[in-house]
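Here is start30.cif, consisting of mmCIF, C-alpha atoms and all ligand atoms:
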data_target
loop_
_atom_site.label_atom_id
_atom_site.label_comp_id
_atom_site.auth_asym_id
_atom_site.auth_seq_id
_atom_site.Cartn_x
_atom_site.Cartn_y
_atom_site.Cartn_z
CA MET A 1424 -21.00 -6.99 -12.20
CA ASN A 1425 -20.76 -10.57 -10.94
CA ILE A 1426 -17.74 -12.37 -9.50
CA ASP A 1427 -16.82 -13.88 -12.89
CA ASP A 1428 -16.70 -10.42 -14.47
CA VAL A 1429 -14.49 -9.18 -11.63
CA LYS A 1430 -12.18 -12.19 -12.06
CA LYS A 1431 -11.95 -11.53 -15.79
CA LEU A 1432 -10.90 -7.92 -15.21
CA THR A 1433 -8.49 -9.01 -12.49
CA SER A 1434 -6.75 -11.52 -14.75
CA SER A 1435 -6.70 -9.14 -17.72
CA PHE A 1436 -5.58 -5.92 -16.10
CA LEU A 1437 -3.98 -6.57 -12.72
CA PHE A 1438 -0.59 -7.94 -11.73
CA GLN A 1439 -1.06 -11.54 -10.67
CA ASN A 1440 0.89 -11.15 -7.43
CA TYR A 1441 -1.89 -12.19 -5.03
CA SER A 1442 -3.67 -15.52 -4.54
CA ARG A 1443 -7.23 -14.32 -4.15
CA GLU A 1444 -10.24 -16.16 -2.76
CA GLU A 1445 -13.34 -16.70 -4.92
CA ILE A 1446 -15.27 -13.87 -3.31
CA CYS A 1447 -15.83 -10.18 -3.87
CA PHE A 1448 -17.35 -8.14 -1.04
CA GLU A 1449 -19.79 -5.35 -1.71
CA ARG A 1450 -20.11 -3.82 1.74
CA GLY A 1451 -19.14 -4.17 5.37
CA GLU A 1452 -20.72 -3.40 8.70
CA GLY A 1453 -19.28 -4.10 12.13
CA GLU A 1454 -17.68 -7.55 12.13
CA TYR A 1455 -19.46 -8.65 8.95
CA LEU A 1456 -18.71 -8.42 5.23
CA TYR A 1457 -21.44 -8.92 2.64
CA ASP A 1458 -21.20 -10.31 -0.90
CA SER A 1459 -23.30 -9.11 -3.82
CA GLU A 1460 -26.08 -11.56 -2.92
CA GLY A 1461 -26.27 -10.16 0.60
CA ASN A 1462 -24.62 -13.17 2.27
CA ALA A 1463 -22.94 -12.19 5.55
CA TYR A 1464 -19.41 -13.39 6.31
CA LEU A 1465 -18.02 -13.18 9.84
CA ASP A 1466 -14.71 -11.37 9.39
CA LEU A 1467 -11.98 -12.72 11.67
CA VAL A 1468 -9.28 -11.34 9.35
CA ALA A 1469 -10.13 -7.63 9.53
CA GLY A 1470 -8.06 -6.81 6.46
CA ILE A 1471 -5.11 -8.47 8.25
CA ALA A 1472 -5.38 -6.70 11.59
CA VAL A 1473 -6.49 -3.41 10.08
CA ASN A 1474 -10.21 -2.85 10.76
CA VAL A 1475 -9.97 -2.62 14.55
CA LEU A 1476 -13.29 -0.78 14.82
CA GLY A 1477 -15.00 -3.15 12.39
CA HIS A 1478 -16.28 -2.08 8.99
CA CYS A 1479 -17.78 1.34 8.40
CA HIS A 1480 -17.81 2.37 12.05
CA PRO A 1481 -20.19 5.35 12.40
CA SER A 1482 -17.56 7.60 13.99
CA VAL A 1483 -15.13 6.90 11.12
CA VAL A 1484 -17.88 7.42 8.54
CA ASP A 1485 -18.78 10.77 10.14
CA THR A 1486 -15.17 11.93 10.16
CA VAL A 1487 -14.61 10.79 6.58
CA CYS A 1488 -17.73 12.56 5.30
CA GLY A 1489 -17.03 15.76 7.22
CA GLN A 1490 -13.34 15.91 6.33
CA VAL A 1491 -13.76 15.04 2.65
CA LYS A 1492 -16.06 18.03 2.23
CA ARG A 1493 -13.63 20.35 4.01
CA LEU A 1494 -10.08 19.42 2.99
CA VAL A 1495 -8.52 16.21 1.68
CA HIS A 1496 -4.94 16.99 0.82
CA VAL A 1497 -2.39 19.71 1.19
CA SER A 1498 1.35 19.28 1.09
CA ASN A 1499 3.64 19.09 4.08
CA LEU A 1500 4.91 22.41 2.75
CA TYR A 1501 2.19 23.87 5.01
CA GLN A 1502 1.06 23.56 8.61
CA ILE A 1503 -1.54 20.78 8.84
CA ARG A 1504 -3.88 21.07 11.82
CA GLU A 1505 -5.27 17.52 11.54
CA GLN A 1506 -1.74 16.04 11.41
CA ALA A 1507 -0.57 18.03 14.44
CA GLU A 1508 -3.67 16.93 16.36
CA LEU A 1509 -3.09 13.29 15.40
CA ALA A 1510 0.51 13.50 16.64
CA GLU A 1511 -0.75 14.95 19.94
CA SER A 1512 -3.28 12.15 20.16
CA ILE A 1513 -0.57 9.50 19.62
CA ALA A 1514 1.55 11.16 22.31
CA SER A 1515 -1.42 10.87 24.67
CA ILE A 1516 -1.32 7.05 24.46
CA THR A 1517 2.46 6.48 24.44
CA PRO A 1518 5.08 6.70 27.18
CA SER A 1519 6.48 10.23 27.46
CA THR A 1520 9.68 9.30 25.57
CA LEU A 1521 7.66 8.43 22.47
CA SER A 1522 6.23 11.85 21.77
CA ALA A 1523 7.28 12.78 18.22
CA SER A 1524 5.60 11.34 15.14
CA LEU A 1525 6.44 11.26 11.45
CA PHE A 1526 3.67 10.13 9.11
CA VAL A 1527 3.96 7.95 6.03
CA ASN A 1528 1.52 5.70 4.17
CA SER A 1529 2.21 2.11 5.19
CA GLY A 1530 4.01 -0.17 7.60
CA ALA A 1531 6.90 -0.79 5.23
CA GLU A 1532 7.46 2.94 4.80
CA ALA A 1533 7.35 3.48 8.55
CA ASN A 1534 10.07 0.85 9.00
CA GLU A 1535 12.06 2.30 6.11
CA ALA A 1536 11.98 5.68 7.86
CA ALA A 1537 12.92 4.11 11.21
CA LEU A 1538 15.98 2.38 9.73
CA LYS A 1539 17.10 5.58 7.98
CA LEU A 1540 16.64 7.48 11.23
CA ALA A 1541 18.79 4.97 13.12
CA VAL A 1542 21.64 5.31 10.63
CA LYS A 1543 21.61 9.10 10.76
CA HIS A 1544 21.13 9.22 14.51
CA THR A 1545 23.90 6.77 15.46
CA GLY A 1546 26.29 7.34 12.55
CA ARG A 1547 26.39 3.54 12.21
CA SER A 1548 25.08 1.39 9.39
CA ARG A 1549 24.56 -2.17 10.62
CA PHE A 1550 21.34 -3.75 11.85
CA VAL A 1551 20.27 -6.78 13.82
CA ALA A 1552 16.90 -8.37 13.03
CA ALA A 1553 15.17 -11.67 13.71
CA ARG A 1554 14.67 -14.73 11.58
CA ASN A 1555 11.04 -15.40 10.70
CA SER A 1556 10.22 -11.68 10.97
CA PHE A 1557 8.16 -9.56 8.63
CA HIS A 1558 8.72 -5.83 8.24
CA GLY A 1559 7.41 -5.02 4.75
CA ARG A 1560 8.32 -5.02 1.07
CA THR A 1561 10.45 -1.93 0.47
CA ALA A 1562 14.21 -2.33 0.11
CA ALA A 1563 15.25 -1.78 3.74
CA SER A 1564 12.13 -3.25 5.37
CA LEU A 1565 12.41 -6.31 3.12
CA SER A 1566 16.08 -6.65 4.07
CA ALA A 1567 15.02 -6.57 7.74
CA THR A 1568 12.54 -9.36 7.02
CA GLY A 1569 14.22 -12.57 8.15
CA GLN A 1570 12.55 -14.84 5.62
CA PRO A 1571 14.79 -15.59 2.61
CA LYS A 1572 11.79 -16.61 0.45
CA TYR A 1573 10.77 -12.94 0.27
CA HIS A 1574 14.28 -11.86 -0.80
CA LEU A 1575 14.52 -14.36 -3.62
CA GLY A 1576 15.06 -12.62 -6.96
CA PHE A 1577 15.55 -9.20 -5.39
CA GLU A 1578 19.00 -9.51 -3.86
CA PRO A 1579 21.19 -7.80 -2.82
CA LEU A 1580 18.69 -5.25 -1.42
CA ILE A 1581 20.60 -3.95 1.62
CA LEU A 1582 20.94 -7.46 3.02
CA PRO A 1583 24.68 -7.13 3.75
CA ALA A 1584 23.78 -4.54 6.41
CA PHE A 1585 21.72 -7.10 8.36
CA GLU A 1586 22.62 -9.84 10.81
CA PHE A 1587 19.83 -12.24 11.79
CA ILE A 1588 19.29 -13.99 15.08
CA ASP A 1589 16.73 -16.60 16.14
CA TYR A 1590 13.65 -14.78 17.47
CA GLY A 1591 13.55 -15.22 21.23
CA ASN A 1592 17.22 -16.21 21.59
CA SER A 1593 18.72 -13.72 24.05
CA GLU A 1594 22.25 -15.16 23.81
CA GLN A 1595 22.38 -14.75 20.04
CA LEU A 1596 21.04 -11.22 20.41
CA LYS A 1597 23.74 -10.29 22.94
CA ASN A 1598 26.44 -11.68 20.65
CA ALA A 1599 25.14 -9.95 17.52
CA VAL A 1600 24.88 -6.38 18.82
CA ASN A 1601 28.06 -4.29 19.04
CA SER A 1602 29.40 -0.77 18.67
CA GLY A 1603 28.71 -0.86 14.92
CA THR A 1604 25.01 -1.60 15.34
CA ALA A 1605 22.71 1.27 14.42
CA ALA A 1606 19.54 -0.54 15.48
CA VAL A 1607 17.92 -3.74 16.54
CA ILE A 1608 14.53 -4.08 14.83
CA LEU A 1609 11.99 -6.57 16.18
CA GLU A 1610 8.29 -7.29 16.26
CA PRO A 1611 7.24 -7.54 19.93
CA ILE A 1612 5.10 -10.51 18.83
CA GLN A 1613 5.77 -11.95 15.39
CA GLY A 1614 2.69 -11.76 13.18
CA GLU A 1615 3.27 -13.03 9.64
CA GLY A 1616 5.83 -15.47 11.07
CA GLY A 1617 3.01 -17.37 12.82
CA ILE A 1618 1.92 -15.43 15.95
CA ILE A 1619 5.05 -16.07 17.99
CA VAL A 1620 5.21 -14.59 21.50
CA PRO A 1621 8.87 -14.36 22.59
CA PRO A 1622 10.10 -15.50 26.01
CA ALA A 1623 9.71 -12.78 28.66
CA ASP A 1624 13.44 -12.11 28.99
CA PHE A 1625 14.03 -11.57 25.26
CA MET A 1626 12.60 -8.06 25.00
CA ARG A 1627 14.31 -7.08 28.26
CA THR A 1628 17.60 -8.31 26.78
CA ALA A 1629 16.93 -6.33 23.61
CA ARG A 1630 16.45 -3.17 25.68
CA ASP A 1631 19.60 -3.86 27.72
CA VAL A 1632 21.92 -4.64 24.79
CA CYS A 1633 20.75 -1.51 22.99
CA ASP A 1634 21.37 0.59 26.10
CA ASP A 1635 24.84 -0.93 26.51
CA SER A 1636 25.88 -0.57 22.86
CA GLY A 1637 24.21 2.71 21.93
CA ALA A 1638 22.11 1.02 19.26
CA MET A 1639 18.49 2.08 18.83
CA LEU A 1640 15.75 -0.39 19.69
CA ILE A 1641 13.08 -0.18 17.01
CA LEU A 1642 9.89 -2.10 17.71
CA ASP A 1643 7.63 -2.80 14.77
CA GLU A 1644 4.11 -2.45 16.19
CA VAL A 1645 2.53 -2.35 12.73
CA GLN A 1646 0.46 -5.48 13.41
CA THR A 1647 0.47 -5.49 17.23
CA GLY A 1648 -0.14 -1.81 17.97
CA LEU A 1649 -3.28 0.02 19.11
CA GLY A 1650 -4.95 -2.61 21.25
CA ARG A 1651 -4.55 -5.71 19.12
CA THR A 1652 -2.71 -7.69 21.82
CA GLY A 1653 -4.76 -6.51 24.80
CA LYS A 1654 -2.39 -3.61 25.57
CA MET A 1655 -2.29 -0.35 23.66
CA PHE A 1656 1.21 -1.40 22.48
CA ALA A 1657 2.61 -4.92 22.71
CA PHE A 1658 5.86 -3.70 24.28
CA GLU A 1659 3.82 -3.02 27.44
CA HIS A 1660 3.61 -6.80 27.97
CA PHE A 1661 7.37 -6.82 28.47
CA GLY A 1662 7.83 -3.74 30.68
CA ILE A 1663 10.14 -1.97 28.25
CA VAL A 1664 9.95 1.09 26.02
CA PRO A 1665 11.67 1.18 22.60
CA ASP A 1666 13.62 4.14 21.21
CA ALA A 1667 11.31 4.14 18.23
CA MET A 1668 8.21 2.28 17.17
CA THR A 1669 6.36 1.97 13.93
CA LEU A 1670 2.60 1.86 13.43
CA ALA A 1671 0.29 1.37 10.45
CA LYS A 1672 -2.56 -1.13 9.85
CA ALA A 1673 -4.98 -0.28 12.72
CA LEU A 1674 -3.97 3.39 12.81
CA GLY A 1675 -6.07 4.36 9.78
CA GLY A 1676 -8.86 1.87 10.48
CA GLY A 1677 -8.68 0.96 6.78
CA PHE A 1678 -7.29 4.20 5.34
CA PRO A 1679 -3.58 4.09 4.49
CA ILE A 1680 -1.31 5.69 7.04
CA GLY A 1681 1.87 4.70 8.84
CA ALA A 1682 3.79 6.40 11.61
CA LEU A 1683 7.29 6.44 13.03
CA VAL A 1684 7.18 7.47 16.67
CA THR A 1685 10.27 8.35 18.69
CA SER A 1686 11.56 10.81 21.29
CA ARG A 1687 11.61 14.54 20.66
CA GLU A 1688 15.41 14.43 20.95
CA ILE A 1689 15.94 11.58 18.45
CA SER A 1690 13.40 13.14 16.07
CA LYS A 1691 15.72 16.15 15.73
CA THR A 1692 18.05 13.89 13.69
CA PHE A 1693 15.76 14.53 10.75
CA VAL A 1694 15.94 18.12 9.56
CA PRO A 1695 14.07 19.64 6.60
CA GLY A 1696 15.04 17.54 3.58
CA SER A 1697 16.14 14.42 5.52
CA HIS A 1698 12.95 12.52 4.83
CA GLY A 1699 9.48 13.15 3.50
CA SER A 1700 6.31 11.86 1.91
CA THR A 1701 3.84 13.57 -0.42
CA PHE A 1702 0.76 12.02 1.14
CA GLY A 1703 2.14 11.26 4.61
CA GLY A 1704 -0.23 12.61 7.27
CA ASN A 1705 -2.47 14.56 4.92
CA PRO A 1706 -5.53 16.26 6.47
CA PHE A 1707 -7.92 13.51 5.41
CA VAL A 1708 -6.10 10.46 6.72
CA SER A 1709 -4.89 12.28 9.83
CA ALA A 1710 -8.44 13.24 10.78
CA VAL A 1711 -9.56 9.62 10.31
CA ALA A 1712 -6.66 8.20 12.35
CA LYS A 1713 -7.37 10.66 15.15
CA THR A 1714 -10.95 9.38 15.22
CA VAL A 1715 -9.72 5.77 15.27
CA ILE A 1716 -7.59 6.47 18.35
CA SER A 1717 -10.31 8.41 20.15
CA THR A 1718 -12.83 5.62 19.44
CA ILE A 1719 -10.44 2.92 20.69
CA LYS A 1720 -10.13 4.93 23.92
CA ALA A 1721 -13.80 5.88 24.29
CA ASP A 1722 -15.06 2.35 23.62
CA HIS A 1723 -12.40 0.75 25.88
CA LEU A 1724 -11.31 -1.51 23.05
CA VAL A 1725 -7.88 -2.25 24.52
CA GLU A 1726 -9.48 -3.70 27.64
CA ARG A 1727 -12.03 -5.49 25.46
CA SER A 1728 -9.27 -7.02 23.33
CA ALA A 1729 -7.55 -8.31 26.49
CA GLU A 1730 -10.76 -9.76 27.91
CA MET A 1731 -12.08 -11.33 24.71
CA GLY A 1732 -8.64 -12.71 23.90
CA ARG A 1733 -8.37 -14.30 27.33
CA LYS A 1734 -11.83 -15.84 26.96
CA TRP A 1735 -11.15 -17.07 23.45
CA ILE A 1736 -7.82 -18.71 24.28
CA SER A 1737 -9.34 -20.29 27.38
CA LYS A 1738 -12.38 -21.58 25.45
CA LEU A 1739 -10.14 -22.92 22.69
CA GLY A 1740 -7.97 -24.58 25.33
CA SER A 1741 -10.93 -26.38 26.84
CA LEU A 1742 -12.12 -27.86 23.52
CA PRO A 1743 -11.40 -31.59 23.23
CA LEU A 1744 -8.92 -31.06 20.38
CA GLU A 1745 -6.49 -33.86 19.68
CA LYS A 1746 -2.84 -33.31 18.82
CA GLY A 1747 -2.40 -33.89 15.13
CA HIS A 1748 -5.26 -31.52 14.45
CA VAL A 1749 -4.30 -28.64 16.72
CA ASP A 1750 -0.71 -28.58 17.92
CA GLU A 1751 -0.71 -25.25 19.78
CA ILE A 1752 -2.92 -22.27 20.56
CA ARG A 1753 -0.99 -19.08 21.28
CA GLY A 1754 -1.14 -15.32 21.23
CA LYS A 1755 -2.19 -12.32 23.26
CA GLY A 1756 -5.42 -10.35 23.19
CA LEU A 1757 -7.13 -10.65 19.83
CA MET A 1758 -4.00 -11.81 18.03
CA ILE A 1759 -4.33 -15.56 18.20
CA GLY A 1760 -2.63 -18.33 16.27
CA ILE A 1761 -3.74 -21.95 16.02
CA GLU A 1762 -0.88 -24.20 14.88
CA MET A 1763 -2.49 -26.87 12.70
CA GLY A 1764 0.17 -28.03 10.22
CA ASP A 1765 -1.35 -29.06 6.89
CA GLU A 1766 -4.84 -28.84 8.37
CA ALA A 1767 -4.68 -25.02 8.61
CA LYS A 1768 -5.48 -24.39 4.95
CA ARG A 1769 -8.24 -27.01 5.05
CA LEU A 1770 -9.81 -25.34 8.09
CA GLN A 1771 -9.66 -21.99 6.30
CA LYS A 1772 -11.66 -23.51 3.41
CA TYR A 1773 -14.07 -25.27 5.77
CA ALA A 1774 -14.73 -22.05 7.72
CA PHE A 1775 -15.20 -20.14 4.47
CA ALA A 1776 -17.90 -22.61 3.44
CA GLN A 1777 -19.66 -21.68 6.72
CA ARG A 1778 -19.12 -18.00 5.90
CA ILE A 1779 -16.39 -17.34 8.42
CA LEU A 1780 -13.21 -15.65 7.20
CA VAL A 1781 -9.89 -16.66 8.73
CA ASN A 1782 -6.43 -16.42 7.28
CA VAL A 1783 -3.42 -18.75 7.36
CA CYS A 1784 0.04 -17.39 8.05
CA ALA A 1785 3.41 -19.14 8.05
CA GLY A 1786 1.77 -21.96 6.06
CA SER A 1787 0.40 -23.79 9.11
CA VAL A 1788 -1.10 -21.25 11.51
CA VAL A 1789 -4.73 -20.16 11.48
CA ARG A 1790 -4.54 -16.48 12.36
CA LEU A 1791 -7.43 -14.88 14.25
CA VAL A 1792 -7.19 -11.08 14.21
CA PRO A 1793 -10.82 -9.91 14.20
CA PRO A 1794 -12.09 -6.38 14.74
CA LEU A 1795 -11.69 -5.53 18.44
CA ILE A 1796 -15.48 -5.21 18.62
CA VAL A 1797 -15.91 -8.94 17.92
CA ALA A 1798 -18.89 -10.42 19.83
CA GLU A 1799 -18.51 -13.36 22.19
CA GLU A 1800 -21.11 -15.28 20.13
CA SER A 1801 -18.84 -14.89 17.10
CA ILE A 1802 -15.96 -16.44 19.02
CA ASP A 1803 -18.24 -19.32 20.01
CA ARG A 1804 -19.38 -19.69 16.42
CA PHE A 1805 -15.80 -20.05 15.22
CA ASN A 1806 -15.03 -22.53 18.00
CA ASP A 1807 -18.04 -24.65 16.99
CA VAL A 1808 -16.83 -24.67 13.40
CA LEU A 1809 -13.33 -25.67 14.54
CA MET A 1810 -14.81 -28.54 16.58
CA SER A 1811 -16.99 -29.74 13.74
CA PHE A 1812 -13.99 -29.55 11.35
CA VAL A 1813 -11.87 -31.61 13.71
CA SER A 1814 -14.67 -34.15 14.23
CA SER A 1815 -15.33 -34.45 10.51
CA SER A 1816 -11.65 -35.03 9.70
CA SER A 1817 -10.95 -37.53 12.54
C1 LIG A 1901 4.83 -6.42 11.58
C2 LIG A 1901 4.62 -5.84 10.22
N1 LIG A 1901 5.43 -4.86 9.80
C3 LIG A 1901 5.29 -4.31 8.58
C4 LIG A 1901 4.30 -4.74 7.72
C5 LIG A 1901 4.16 -4.11 6.37
O1 LIG A 1901 3.09 -3.23 6.38
P1 LIG A 1901 2.51 -2.66 4.99
O2 LIG A 1901 1.92 -3.81 4.26
O3 LIG A 1901 1.50 -1.64 5.43
O4 LIG A 1901 3.65 -2.04 4.27
C6 LIG A 1901 3.44 -5.76 8.12
C7 LIG A 1901 2.40 -6.26 7.21
O5 LIG A 1901 1.84 -7.31 7.36
C8 LIG A 1901 3.61 -6.33 9.40
O6 LIG A 1901 2.82 -7.32 9.84
#
Would you mind writing the structure in this file as structure tokens?
Amino acid sequence: MNIDDVKKLTSSFLFQNYSREEICFERGEGEYLYDSEGNAYLDLVAGIAVNVLGHCHPSVVDTVCGQVKRLVHVSNLYQIREQAELAESIASITPSTLSASLFVNSGAEANEAALKLAVKHTGRSRFVAARNSFHGRTAASLSATGQPKYHLGFEPLILPAFEFIDYGNSEQLKNAVNSGTAAVILEPIQGEGGIIVPPADFMRTARDVCDDSGAMLILDEVQTGLGRTGKMFAFEHFGIVPDAMTLAKALGGGFPIGALVTSREISKTFVPGSHGSTFGGNPFVSAVAKTVISTIKADHLVERSAEMGRKWISKLGSLPLEKGHVDEIRGKGLMIGIEMGDEAKRLQKYAFAQRILVNVCAGSVVRLVPPLIVAEESIDRFNDVLMSFVSSSS
């Protein structure tokens, strides 16, 4: 089947809710995707910060093949060895207060569970979230998303429960949180909003105001978690620990899983019947996620992300790029944003023509979130393309 046949099926039988590129990939290996003619594309998108180990990593393939022959799904009505082992594995990489996991199937569901938990745990029902945030598309996670364009046509959701502050504004945060606040929910670095790293004091303030008011601090590590920013979790950059964090994306290395992670004590808020998911943490996806975590550790990918990110930002910074083309380069580890205004979409097209995949977020930011195994030559290749784009459009 060629690309035109795929497009025909897509337009006939699928919802038209995505703007899709003119490409259909047949296979992936490492940091490359291949089309049906065997052309290799350097993947600096990684399924939007999902494929941390690259495509079809041998350890994931082995786990998938072994597990699929043994046991794919049983209900949470039963003890699930793979799920229990995954939870233990998560506890081995988190601070000791984040030792209890609940598994769902996506980032939005993990945030949905976190917000429900906060209400039940505190007995309060109001939330504080940040403008320009992104937390997912379900009712509560969409309400927490501080971007009105995503709410349009779906109001009221549970928007009346939310108060929004400017991301990074500690004063506004202090004023917004009070004894009625169940939780403050924040991304430690905003992803969809344009790779925004908050000022150092902001996360500290978030921790302090939650401690003072009894609100829970929920950090959404769906995009930042598991090595992406050069630390296992992005909150480590700020020297704080949240009361709960949510994970997804990287956790399954491409298979759908999300997690809500909190303290043993807070986890007791949910009793049998409080929350649940048919697929959440089934044997198959749990076994895969456990392999993803063990591979990140064994291959030192957190350290690699920090080192490659440092190199990349420094190399980008030393390119003779004029303002007007590139306004800012920012990020941590292998979560890098290049602010380019209207040029961002044009660069995306230009890079695609050279078989490099990048993605634009917030309309003007070229987002670089490659697999954490990305080679230094690949970084250089992108930088060369950026330079030649800038030269050709000067
Ligand atoms: C920070 C953050 N939270 C939540 C989500 C939603 O995750 P999912 O699409 O798996 O529901 C995303 C997706 O981009 C995200 O970046």
If we count all atoms listed in the file, what is near range 1490-1493 of chain A at a cut-off of 10 Å, once residues fewer than 2 positions away on the same chain are taken out, given as a count of residues only?
14
Quick one: residues within 7 Å of ligand LIG 1901 (chain A), with all atoms listed in the file, as a PyMOL selection string?
chain A and resi 1529-1532+1557-1560+1610+1613-1615+1643-1646+1671-1672
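One finds CA of Gly1699 in chain A at 12.4 Å from CA of Ser1524 in chain A.
What separates CA of Pro1665 in chain A from CA of Ser1519 in chain A is a distance of 11.5 Å.
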Applying 9 Å and all atoms listed in the file, which residues near Leu1809 in chain A remain after dropping the ones on its own chain fewer than 4 positions away? List them as a list in words.
Leu1770, Tyr1773, Ala1774, Arg1804, Phe1805, Val1813 and Ser1814 of chain A
Selection: 8 Å around range 1510-1518 of chain A, all atoms listed in the file, excl. self and same-chain fewer than 6 positions, as a compact mmCIF listing (two decimals) with C-alpha atoms, keeping the file's coordinate frame:
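Just written: out.txt:
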# COMPACT_ATOMS: atom_id res chain seq x y z
CA SER A 1524 5.60 11.34 15.14
CA MET A 1655 -2.29 -0.35 23.66
CA VAL A 1664 9.95 1.09 26.02
CA LYS A 1713 -7.37 10.66 15.15
CA ILE A 1716 -7.59 6.47 18.35
CA SER A 1717 -10.31 8.41 20.15
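For the residues A:Leu1580, A:Arg1547, A:Phe1775, A:Ile1802, ranking by smallest atom-to-atom distance to Glu1454 in chain A using all atoms listed in the file places A:Ile1802 first.
If you look at CA of Ala1584 in chain A and CA of Ser1602 in chain A, they are 14.0 Å away from each other.
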Best match for closeness to Met1668 in chain A among A:Ser1522, A:Asn1601, A:Ser1737, A:Thr1701, counting all atoms listed in the file:
A:Ser1522
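Among the candidates A:Asp1466, A:Asp1750, A:Asp1589, A:Glu1762, the residue lying nearest to Leu1795 in chain A is A:Asp1466 (atoms considered: all atoms listed in the file).
Nearest to Ala1553 in chain A of all the residues A:Val1475, A:Ile1503, A:Ile1736, A:Ile1619 is A:Ile1619, based on all atoms listed in the file.
Distances to Val1527 in chain A were evaluated for A:Asn1499, A:Ile1641, A:Glu1799, A:Gln1595 using only C-alpha atoms, and the minimum falls at A:Asn1499.
Comparing A:Leu1744, A:Thr1520, A:Ile1426, A:Val1808 by their smallest distance to Ile1689 in chain A, the closest is A:Thr1520 (using all atoms listed in the file).
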Give me the residues near Val1620 in chain A as an MDAnalysis selection string, where near means some atom within 8 Å (using all atoms listed in the file) and where sequence neighbours in that chain fewer than 6 positions away do not count.
chainID A and resid 1611:1613 1753:1755
Enclose the full set of atoms of range 1551-1564 of chain A listed in the file within a box whose edges lie along x, y and z, apply 8 Å of padding to each of the six sides, and report centre and edge lengths in Å to one decimal as lines of an AutoDock Vina configuration file.
center_x = 13.8
center_y = -8.6
center_z = 7.0
size_x = 28.9
size_y = 29.6
size_z = 29.7
Spatial neighbours of Ser1690 in chain A, max dist 12 Å, only C-alpha atoms, sep filter under 2 positions, as a PyMOL selection string
chain A and resi 1520-1525+1536-1537+1539-1541+1543-1544+1666-1667+1683-1688+1692-1695+1697-1698
Give me range 1791-1795 of chain A with all heavy atoms filled in, as a CSV table (one decimal), in the frame of the given file.
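Okay, this is what ended up in out-v2.csv:
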chain,number,residue,atom,x,y,z
A,1791,LEU,N,-6.2,-15.5,13.9
A,1791,LEU,CA,-7.4,-14.9,14.2
A,1791,LEU,C,-7.1,-13.5,14.7
A,1791,LEU,O,-6.5,-13.3,15.8
A,1791,LEU,CB,-8.1,-15.7,15.4
A,1791,LEU,CG,-8.3,-17.2,15.1
A,1791,LEU,CD1,-8.8,-17.9,16.4
A,1791,LEU,CD2,-9.4,-17.3,14.0
A,1792,VAL,N,-7.4,-12.5,13.9
A,1792,VAL,CA,-7.2,-11.1,14.2
A,1792,VAL,C,-8.4,-10.3,13.9
A,1792,VAL,O,-8.4,-9.4,13.0
A,1792,VAL,CB,-5.9,-10.5,13.5
A,1792,VAL,CG1,-4.7,-11.0,14.1
A,1792,VAL,CG2,-5.9,-10.9,12.0
A,1793,PRO,N,-9.5,-10.5,14.6
A,1793,PRO,CA,-10.8,-9.9,14.2
A,1793,PRO,C,-10.8,-8.4,14.6
A,1793,PRO,O,-10.0,-8.0,15.3
A,1793,PRO,CB,-11.8,-10.7,15.1
A,1793,PRO,CG,-11.0,-11.0,16.3
A,1793,PRO,CD,-9.6,-11.3,15.8
A,1794,PRO,N,-11.9,-7.7,14.2
A,1794,PRO,CA,-12.1,-6.4,14.7
A,1794,PRO,C,-12.2,-6.5,16.3
A,1794,PRO,O,-12.6,-7.5,16.8
A,1794,PRO,CB,-13.5,-6.0,14.2
A,1794,PRO,CG,-13.6,-6.8,13.0
A,1794,PRO,CD,-12.9,-8.1,13.2
A,1795,LEU,N,-11.7,-5.5,17.0
A,1795,LEU,CA,-11.7,-5.5,18.4
A,1795,LEU,C,-13.1,-5.5,19.0
A,1795,LEU,O,-13.3,-5.6,20.2
A,1795,LEU,CB,-10.8,-4.4,19.0
A,1795,LEU,CG,-9.4,-4.3,18.5
A,1795,LEU,CD1,-8.6,-3.3,19.2
A,1795,LEU,CD2,-8.7,-5.7,18.5
